[in-house]
>>> print(open('work-v2.cif').read())   # mmCIF, C-alpha atoms
data_my_file
#
loop_
_atom_site.group_PDB
_atom_site.id
_atom_site.type_symbol
_atom_site.label_atom_id
_atom_site.label_comp_id
_atom_site.auth_asym_id
_atom_site.auth_seq_id
_atom_site.Cartn_x
_atom_site.Cartn_y
_atom_site.Cartn_z
ATOM 1 C CA MET A 1 16.659 57.614 -151.298
ATOM 2 C CA LYS A 2 19.135 59.237 -153.676
ATOM 3 C CA ILE A 3 18.805 56.357 -156.170
ATOM 4 C CA PHE A 4 15.008 56.688 -155.988
ATOM 5 C CA LYS A 5 15.265 60.363 -157.056
ATOM 6 C CA TYR A 6 17.435 59.384 -160.042
ATOM 7 C CA ILE A 7 15.009 56.632 -161.062
ATOM 8 C CA MET A 8 12.085 59.093 -160.839
ATOM 9 C CA ALA A 9 14.006 61.677 -162.871
ATOM 10 C CA VAL A 10 14.738 59.106 -165.591
ATOM 11 C CA ALA A 11 11.098 57.978 -165.591
ATOM 12 C CA VAL A 12 9.871 61.549 -165.946
ATOM 13 C CA MET A 13 12.313 62.232 -168.782
ATOM 14 C CA ALA A 14 11.206 59.048 -170.531
ATOM 15 C CA THR A 15 7.540 60.090 -170.377
ATOM 16 C CA ILE A 16 8.142 63.555 -171.805
ATOM 17 C CA THR A 17 10.468 62.443 -174.576
ATOM 18 C CA VAL A 18 8.593 62.580 -177.856
ATOM 19 C CA SER A 19 9.370 60.532 -180.894
ATOM 20 C CA CYS A 20 8.332 61.967 -184.252
ATOM 21 C CA ASP A 21 8.371 60.536 -187.697
ATOM 22 C CA ASN A 22 7.413 61.847 -191.070
ATOM 23 C CA ASP A 23 3.955 60.285 -191.229
ATOM 24 C CA ASP A 24 2.167 63.146 -192.962
ATOM 25 C CA ASP A 25 3.214 62.157 -196.475
ATOM 26 C CA VAL A 26 0.523 60.775 -198.746
ATOM 27 C CA THR A 27 1.937 57.746 -200.531
ATOM 28 C CA GLY A 28 0.741 54.687 -202.374
ATOM 29 C CA GLY A 29 -2.124 56.321 -204.215
ATOM 30 C CA GLU A 30 -3.882 57.544 -201.082
ATOM 31 C CA THR A 31 -5.587 60.916 -201.325
ATOM 32 C CA ALA A 32 -6.012 63.434 -198.585
ATOM 33 C CA THR A 33 -9.498 64.835 -198.145
ATOM 34 C CA THR A 34 -10.856 67.748 -196.225
ATOM 35 C CA ASP A 35 -14.432 67.877 -195.044
ATOM 36 C CA PHE A 36 -15.985 71.280 -195.661
ATOM 37 C CA SER A 37 -19.539 70.150 -195.013
ATOM 38 C CA GLY A 38 -21.491 71.906 -192.327
ATOM 39 C CA THR A 39 -22.053 75.538 -191.515
ATOM 40 C CA PHE A 40 -19.165 77.901 -191.002
ATOM 41 C CA THR A 41 -19.440 81.368 -189.505
ATOM 42 C CA THR A 42 -17.070 84.285 -189.174
ATOM 43 C CA GLN A 43 -15.847 84.820 -185.630
ATOM 44 C CA ASP A 44 -13.478 87.760 -186.007
ATOM 45 C CA GLN A 45 -12.160 90.208 -188.574
ATOM 46 C CA MET A 46 -8.854 92.013 -188.449
ATOM 47 C CA GLY A 47 -8.417 93.907 -191.683
ATOM 48 C CA ARG A 48 -7.930 96.980 -189.534
ATOM 49 C CA PRO A 49 -6.912 95.901 -186.036
ATOM 50 C CA GLY A 50 -8.128 98.077 -183.204
ATOM 51 C CA ILE A 51 -10.891 99.969 -185.022
ATOM 52 C CA ASN A 52 -13.652 97.745 -183.675
ATOM 53 C CA THR A 53 -12.108 97.816 -180.204
ATOM 54 C CA VAL A 54 -11.886 101.621 -180.106
ATOM 55 C CA LEU A 55 -15.214 102.424 -181.742
ATOM 56 C CA SER A 56 -17.605 99.738 -180.456
ATOM 57 C CA ALA A 57 -19.536 100.921 -177.418
ATOM 58 C CA THR A 58 -20.158 97.465 -175.919
ATOM 59 C CA ASP A 59 -18.839 93.922 -176.116
ATOM 60 C CA ALA A 60 -22.069 92.941 -177.883
ATOM 61 C CA ASP A 61 -21.456 95.630 -180.533
ATOM 62 C CA GLU A 62 -17.877 94.417 -180.957
ATOM 63 C CA ASN A 63 -19.022 90.819 -181.406
ATOM 64 C CA SER A 64 -21.741 91.887 -183.826
ATOM 65 C CA PHE A 65 -19.196 93.774 -185.932
ATOM 66 C CA ASN A 66 -16.949 90.710 -186.036
ATOM 67 C CA ILE A 67 -19.665 88.526 -187.567
ATOM 68 C CA THR A 68 -21.112 91.103 -189.973
ATOM 69 C CA THR A 69 -20.079 90.615 -193.585
ATOM 70 C CA PRO A 70 -18.177 93.557 -195.065
ATOM 71 C CA ALA A 71 -21.100 94.285 -197.408
ATOM 72 C CA GLY A 72 -23.217 95.225 -194.374
ATOM 73 C CA GLN A 73 -20.646 96.922 -192.179
ATOM 74 C CA ILE A 74 -20.908 100.526 -193.374
ATOM 75 C CA ALA A 75 -24.697 100.601 -193.097
ATOM 76 C CA ALA A 76 -24.695 98.902 -189.703
ATOM 77 C CA PHE A 77 -21.703 100.512 -188.017
ATOM 78 C CA SER A 78 -20.743 103.887 -189.493
ATOM 79 C CA GLY A 79 -23.478 105.607 -187.442
ATOM 80 C CA PRO A 80 -22.650 103.932 -184.098
ATOM 81 C CA PHE A 81 -18.912 104.361 -184.737
ATOM 82 C CA ASN A 82 -19.528 108.055 -185.470
ATOM 83 C CA ASP A 83 -21.486 108.403 -182.206
ATOM 84 C CA ARG A 84 -18.692 106.721 -180.257
ATOM 85 C CA LEU A 85 -16.026 108.924 -181.839
ATOM 86 C CA GLN A 86 -18.130 111.988 -180.991
ATOM 87 C CA ALA A 87 -18.329 110.783 -177.371
ATOM 88 C CA TYR A 88 -14.520 110.663 -177.203
ATOM 89 C CA TYR A 89 -14.259 114.218 -178.489
ATOM 90 C CA ASP A 90 -16.999 115.360 -176.113
ATOM 91 C CA ALA A 91 -15.075 113.817 -173.189
ATOM 92 C CA TYR A 92 -12.099 116.042 -174.072
ATOM 93 C CA GLY A 93 -14.221 119.118 -174.750
ATOM 94 C CA ALA A 94 -13.088 119.138 -178.381
ATOM 95 C CA SER A 95 -14.626 118.813 -181.801
ATOM 96 C CA PHE A 96 -13.458 116.673 -184.685
ATOM 97 C CA GLU A 97 -11.158 118.405 -187.137
ATOM 98 C CA ASN A 98 -10.823 117.015 -190.666
ATOM 99 C CA ASN A 99 -8.083 114.417 -190.430
ATOM 100 C CA ILE A 100 -4.775 113.990 -192.192
ATOM 101 C CA LEU A 101 -6.635 112.412 -195.121
ATOM 102 C CA GLY A 102 -8.966 115.410 -195.424
ATOM 103 C CA LEU A 103 -11.959 113.348 -194.258
ATOM 104 C CA ASP A 104 -14.607 114.759 -191.961
ATOM 105 C CA GLN A 105 -15.907 112.771 -188.992
ATOM 106 C CA ALA A 106 -18.721 110.961 -190.825
ATOM 107 C CA GLN A 107 -16.468 110.098 -193.758
ATOM 108 C CA THR A 108 -13.787 108.800 -191.376
ATOM 109 C CA THR A 109 -16.115 106.476 -189.504
ATOM 110 C CA ALA A 110 -17.690 105.283 -192.768
ATOM 111 C CA VAL A 111 -14.263 104.419 -194.204
ATOM 112 C CA LEU A 112 -13.115 102.708 -191.011
ATOM 113 C CA SER A 113 -16.355 100.771 -190.487
ATOM 114 C CA LEU A 114 -15.557 98.694 -193.578
ATOM 115 C CA ASP A 115 -13.075 96.175 -192.174
ATOM 116 C CA VAL A 116 -11.286 95.230 -195.368
ATOM 117 C CA LEU A 117 -8.004 96.268 -196.889
ATOM 118 C CA GLN A 118 -8.288 97.661 -200.372
ATOM 119 C CA VAL A 119 -5.730 96.801 -203.011
ATOM 120 C CA SER A 120 -4.305 99.452 -205.265
ATOM 121 C CA PRO A 121 -2.120 97.896 -207.984
ATOM 122 C CA GLU A 122 -0.633 101.302 -208.861
ATOM 123 C CA ALA A 123 0.249 102.282 -205.283
ATOM 124 C CA PRO A 124 2.674 100.764 -202.784
ATOM 125 C CA THR A 125 1.235 98.319 -200.272
ATOM 126 C CA SER A 126 0.865 100.335 -197.114
ATOM 127 C CA TYR A 127 -1.467 100.918 -194.223
ATOM 128 C CA PHE A 128 -0.445 104.559 -194.531
ATOM 129 C CA THR A 129 2.603 106.300 -195.932
ATOM 130 C CA ASP A 130 0.922 109.389 -197.274
ATOM 131 C CA THR A 131 -2.518 110.343 -198.487
ATOM 132 C CA SER A 132 -1.896 108.645 -201.840
ATOM 133 C CA SER A 133 -1.441 105.200 -200.302
ATOM 134 C CA PHE A 134 -3.878 104.932 -197.443
ATOM 135 C CA LEU A 135 -5.174 101.453 -196.583
ATOM 136 C CA THR A 136 -3.785 99.761 -199.691
ATOM 137 C CA GLY A 137 -2.805 96.742 -197.610
ATOM 138 C CA ARG A 138 -0.363 96.266 -194.745
ATOM 139 C CA THR A 139 3.309 95.553 -194.469
ATOM 140 C CA LEU A 140 5.015 94.079 -191.413
ATOM 141 C CA GLU A 141 6.563 97.466 -190.652
ATOM 142 C CA ASP A 142 3.225 99.333 -190.637
ATOM 143 C CA ASP A 143 2.223 100.437 -187.136
ATOM 144 C CA VAL A 144 -1.488 99.953 -187.767
ATOM 145 C CA ILE A 145 -2.641 100.979 -184.299
ATOM 146 C CA ASP A 146 -0.781 104.305 -184.379
ATOM 147 C CA VAL A 147 -1.992 104.991 -187.920
ATOM 148 C CA SER A 148 -5.589 104.330 -186.908
ATOM 149 C CA LEU A 149 -5.258 106.599 -183.873
ATOM 150 C CA ILE A 150 -3.723 109.350 -186.030
ATOM 151 C CA VAL A 151 -6.653 109.104 -188.465
ATOM 152 C CA LEU A 152 -9.130 109.298 -185.561
ATOM 153 C CA PHE A 153 -7.456 111.867 -183.320
ATOM 154 C CA GLY A 154 -4.573 113.488 -185.183
ATOM 155 C CA GLY A 155 -6.486 116.242 -186.955
ATOM 156 C CA ASN A 156 -5.300 117.593 -190.284
ATOM 157 C CA THR A 157 -1.605 117.412 -189.368
ATOM 158 C CA GLY A 158 -1.705 114.017 -187.649
ATOM 159 C CA ALA A 159 -0.410 115.561 -184.413
ATOM 160 C CA ARG A 160 -3.463 117.270 -182.897
ATOM 161 C CA PHE A 161 -3.595 115.107 -179.742
ATOM 162 C CA ASP A 162 0.069 114.132 -179.592
ATOM 163 C CA GLY A 163 0.671 114.862 -175.898
ATOM 164 C CA ASN A 164 2.265 118.242 -176.547
ATOM 165 C CA ASN A 165 0.926 121.658 -175.535
ATOM 166 C CA GLY A 166 -1.238 120.174 -172.781
ATOM 167 C CA THR A 167 -3.112 117.732 -175.014
ATOM 168 C CA PRO A 168 -3.466 114.054 -174.142
ATOM 169 C CA ASN A 169 -1.533 111.602 -176.303
ATOM 170 C CA LEU A 170 -4.271 109.932 -178.322
ATOM 171 C CA VAL A 171 -2.277 109.370 -181.536
ATOM 172 C CA SER A 172 0.007 106.594 -180.327
ATOM 173 C CA ASP A 173 -0.181 103.467 -178.213
ATOM 174 C CA ASN A 174 3.499 104.117 -177.376
ATOM 175 C CA VAL A 175 4.479 100.596 -178.353
ATOM 176 C CA ALA A 176 7.560 100.648 -180.558
ATOM 177 C CA LEU A 177 7.849 98.494 -183.623
ATOM 178 C CA GLU A 178 9.955 95.378 -183.281
ATOM 179 C CA GLY A 179 13.626 96.078 -183.882
ATOM 180 C CA GLY A 180 15.285 94.920 -187.071
ATOM 181 C CA VAL A 181 14.098 94.564 -190.628
ATOM 182 C CA SER A 182 11.694 91.923 -191.876
ATOM 183 C CA THR A 183 12.953 89.497 -194.483
ATOM 184 C CA SER A 184 11.712 88.923 -198.004
ATOM 185 C CA THR A 185 11.292 85.187 -197.418
ATOM 186 C CA PHE A 186 8.950 83.229 -195.205
ATOM 187 C CA PRO A 187 8.360 83.660 -192.281
ATOM 188 C CA TYR A 188 9.213 87.344 -193.068
ATOM 189 C CA LEU A 189 9.675 88.300 -189.421
ATOM 190 C CA THR A 190 12.754 89.851 -187.943
ATOM 191 C CA ALA A 191 15.179 87.707 -186.033
ATOM 192 C CA ALA A 192 14.285 87.177 -182.383
ATOM 193 C CA GLN A 193 15.771 89.763 -180.049
ATOM 194 C CA PHE A 194 17.287 88.373 -176.854
#
>>> encode(input="work-v2.cif", output="structure tokens")
Amino acid sequence: MKIFKYIMAVAVMATITVSCDNDDDVTGGETATTDFSGTFTTQDQMGRPGINTVLSATDADENSFNITTPAGQIAAFSGPFNDRLQAYYDAYGASFENNILGLDQAQTTAVLSLDVLQVSPEAPTSYFTDTSSFLTGRTLEDDVIDVSLIVLFGGNTGARFDGNNGTPNLVSDNVALEGGVSTSTFPYLTAAQF
């Protein structure tokens, strides 16, 4: 019986052993082709992660936002996003206070309903460092969820609903950034923490 177990173990190991070779090189005059025929559709957008999740009232609204081209997003979603944000404030018996960027509620939801990252060649790439470099891209160290929550619920100081003085903590997801520093070479991520 013992020998049977060893034979089975060797057989299992043999079936899961994978042999690889470098067969992806194009040689001998062959050309690689890619077929782009057919109809392609957008399934999801993540220029600003979390905005659609927080401000869409239903799964259908969230899915609709994901397939709407950026050119149509402000017209289609700034109103519903504004209504949803108002419902959050109503639930806490509060009113919106101009945010850390100086935007009122309608301006905030209009800006956030456009799910693209602007590029500002004269400003640092940042999801938010200060009001001069807001949404000019994203770096690996940018905590985009906390920044979005601060813009939505932080008021003019960024700390309005920070969990202090009896307020709920609505300005942070309380998930810390990954430890370490990202690298300047691909894959840019910090070393794995064990």
>>> residues_around(input="work-v2.cif", residues="Gln43 in chain A", least_positions_apart="5", cutoff="9 Å", atoms="only C-alpha atoms", output="list in words")
Asn63, Asn66 and Ile67 of chain A
>>> closest_residue(input="work-v2.cif", among="A:Thr136, A:Ser56, A:Thr69, A:Thr34", to="Val119 in chain A", atoms="only C-alpha atoms")
A:Thr136
>>> closest_residue(input="work-v2.cif", among="A:Asn164, A:Gln73, A:Thr183, A:Gln105", to="Thr139 in chain A", atoms="all atoms listed in the file")
A:Thr183
>>> resolve_selection(input="work-v2.cif", expression="the PyMOL selection byres ((chain A and resi 154) around 10)", output="VMD selection string")
chain A and resid 96 to 100 146 to 153 155 to 162 169 to 172
>>> closest_residue(input="work-v2.cif", among="A:Ser37, A:Tyr89, A:Leu114, A:Arg48", to="Ala71 in chain A", atoms="all atoms listed in the file")
A:Leu114
>>> atom_distance(input="work-v2.cif", atom1="CA of Thr68 in chain A", atom2="CA of Asp173 in chain A")
27.0 Å
>>> closest_residue(input="work-v2.cif", among="A:Asp142, A:Ala192, A:Asn165, A:Ala76", to="Phe128 in chain A", atoms="all atoms listed in the file")
A:Asp142
>>> build_atoms(input="work-v2.cif", residues="range 56-69 of chain A", atoms="N, CA and C atoms", output="PDB file, in the frame of the given file")
ATOM      1  N   SER A  56     -16.403 100.456-180.895  1.00  0.00           N
ATOM      2  CA  SER A  56     -17.605  99.738-180.456  1.00  0.00           C
ATOM      3  C   SER A  56     -17.902 100.120-179.019  1.00  0.00           C
ATOM      4  N   ALA A  57     -19.162 100.445-178.752  1.00  0.00           N
ATOM      5  CA  ALA A  57     -19.536 100.921-177.418  1.00  0.00           C
ATOM      6  C   ALA A  57     -19.638  99.789-176.398  1.00  0.00           C
ATOM      7  N   THR A  58     -19.976  98.588-176.844  1.00  0.00           N
ATOM      8  CA  THR A  58     -20.158  97.465-175.919  1.00  0.00           C
ATOM      9  C   THR A  58     -19.517  96.209-176.497  1.00  0.00           C
ATOM     10  N   ASP A  59     -19.349  95.205-175.648  1.00  0.00           N
ATOM     11  CA  ASP A  59     -18.839  93.922-176.116  1.00  0.00           C
ATOM     12  C   ASP A  59     -19.792  93.309-177.141  1.00  0.00           C
ATOM     13  N   ALA A  60     -21.089  93.481-176.934  1.00  0.00           N
ATOM     14  CA  ALA A  60     -22.069  92.941-177.883  1.00  0.00           C
ATOM     15  C   ALA A  60     -21.905  93.603-179.249  1.00  0.00           C
ATOM     16  N   ASP A  61     -21.680  94.926-179.263  1.00  0.00           N
ATOM     17  CA  ASP A  61     -21.456  95.630-180.533  1.00  0.00           C
ATOM     18  C   ASP A  61     -20.186  95.119-181.207  1.00  0.00           C
ATOM     19  N   GLU A  62     -19.146  94.904-180.419  1.00  0.00           N
ATOM     20  CA  GLU A  62     -17.877  94.417-180.957  1.00  0.00           C
ATOM     21  C   GLU A  62     -18.054  93.028-181.578  1.00  0.00           C
ATOM     22  N   ASN A  63     -18.772  92.157-180.885  1.00  0.00           N
ATOM     23  CA  ASN A  63     -19.022  90.819-181.406  1.00  0.00           C
ATOM     24  C   ASN A  63     -19.900  90.864-182.650  1.00  0.00           C
ATOM     25  N   SER A  64     -20.874  91.748-182.659  1.00  0.00           N
ATOM     26  CA  SER A  64     -21.741  91.887-183.826  1.00  0.00           C
ATOM     27  C   SER A  64     -20.939  92.354-185.040  1.00  0.00           C
ATOM     28  N   PHE A  65     -20.054  93.304-184.843  1.00  0.00           N
ATOM     29  CA  PHE A  65     -19.196  93.774-185.932  1.00  0.00           C
ATOM     30  C   PHE A  65     -18.362  92.628-186.497  1.00  0.00           C
ATOM     31  N   ASN A  66     -17.816  91.808-185.615  1.00  0.00           N
ATOM     32  CA  ASN A  66     -16.949  90.710-186.036  1.00  0.00           C
ATOM     33  C   ASN A  66     -17.658  89.691-186.919  1.00  0.00           C
ATOM     34  N   ILE A  67     -18.955  89.528-186.770  1.00  0.00           N
ATOM     35  CA  ILE A  67     -19.665  88.526-187.567  1.00  0.00           C
ATOM     36  C   ILE A  67     -20.451  89.132-188.723  1.00  0.00           C
ATOM     37  N   THR A  68     -20.406  90.441-188.874  1.00  0.00           N
ATOM     38  CA  THR A  68     -21.112  91.103-189.973  1.00  0.00           C
ATOM     39  C   THR A  68     -20.247  91.053-191.227  1.00  0.00           C
ATOM     40  N   THR A  69     -20.842  90.654-192.336  1.00  0.00           N
ATOM     41  CA  THR A  69     -20.079  90.615-193.585  1.00  0.00           C
ATOM     42  C   THR A  69     -19.717  92.039-193.994  1.00  0.00           C
TER      43      THR A  69
END
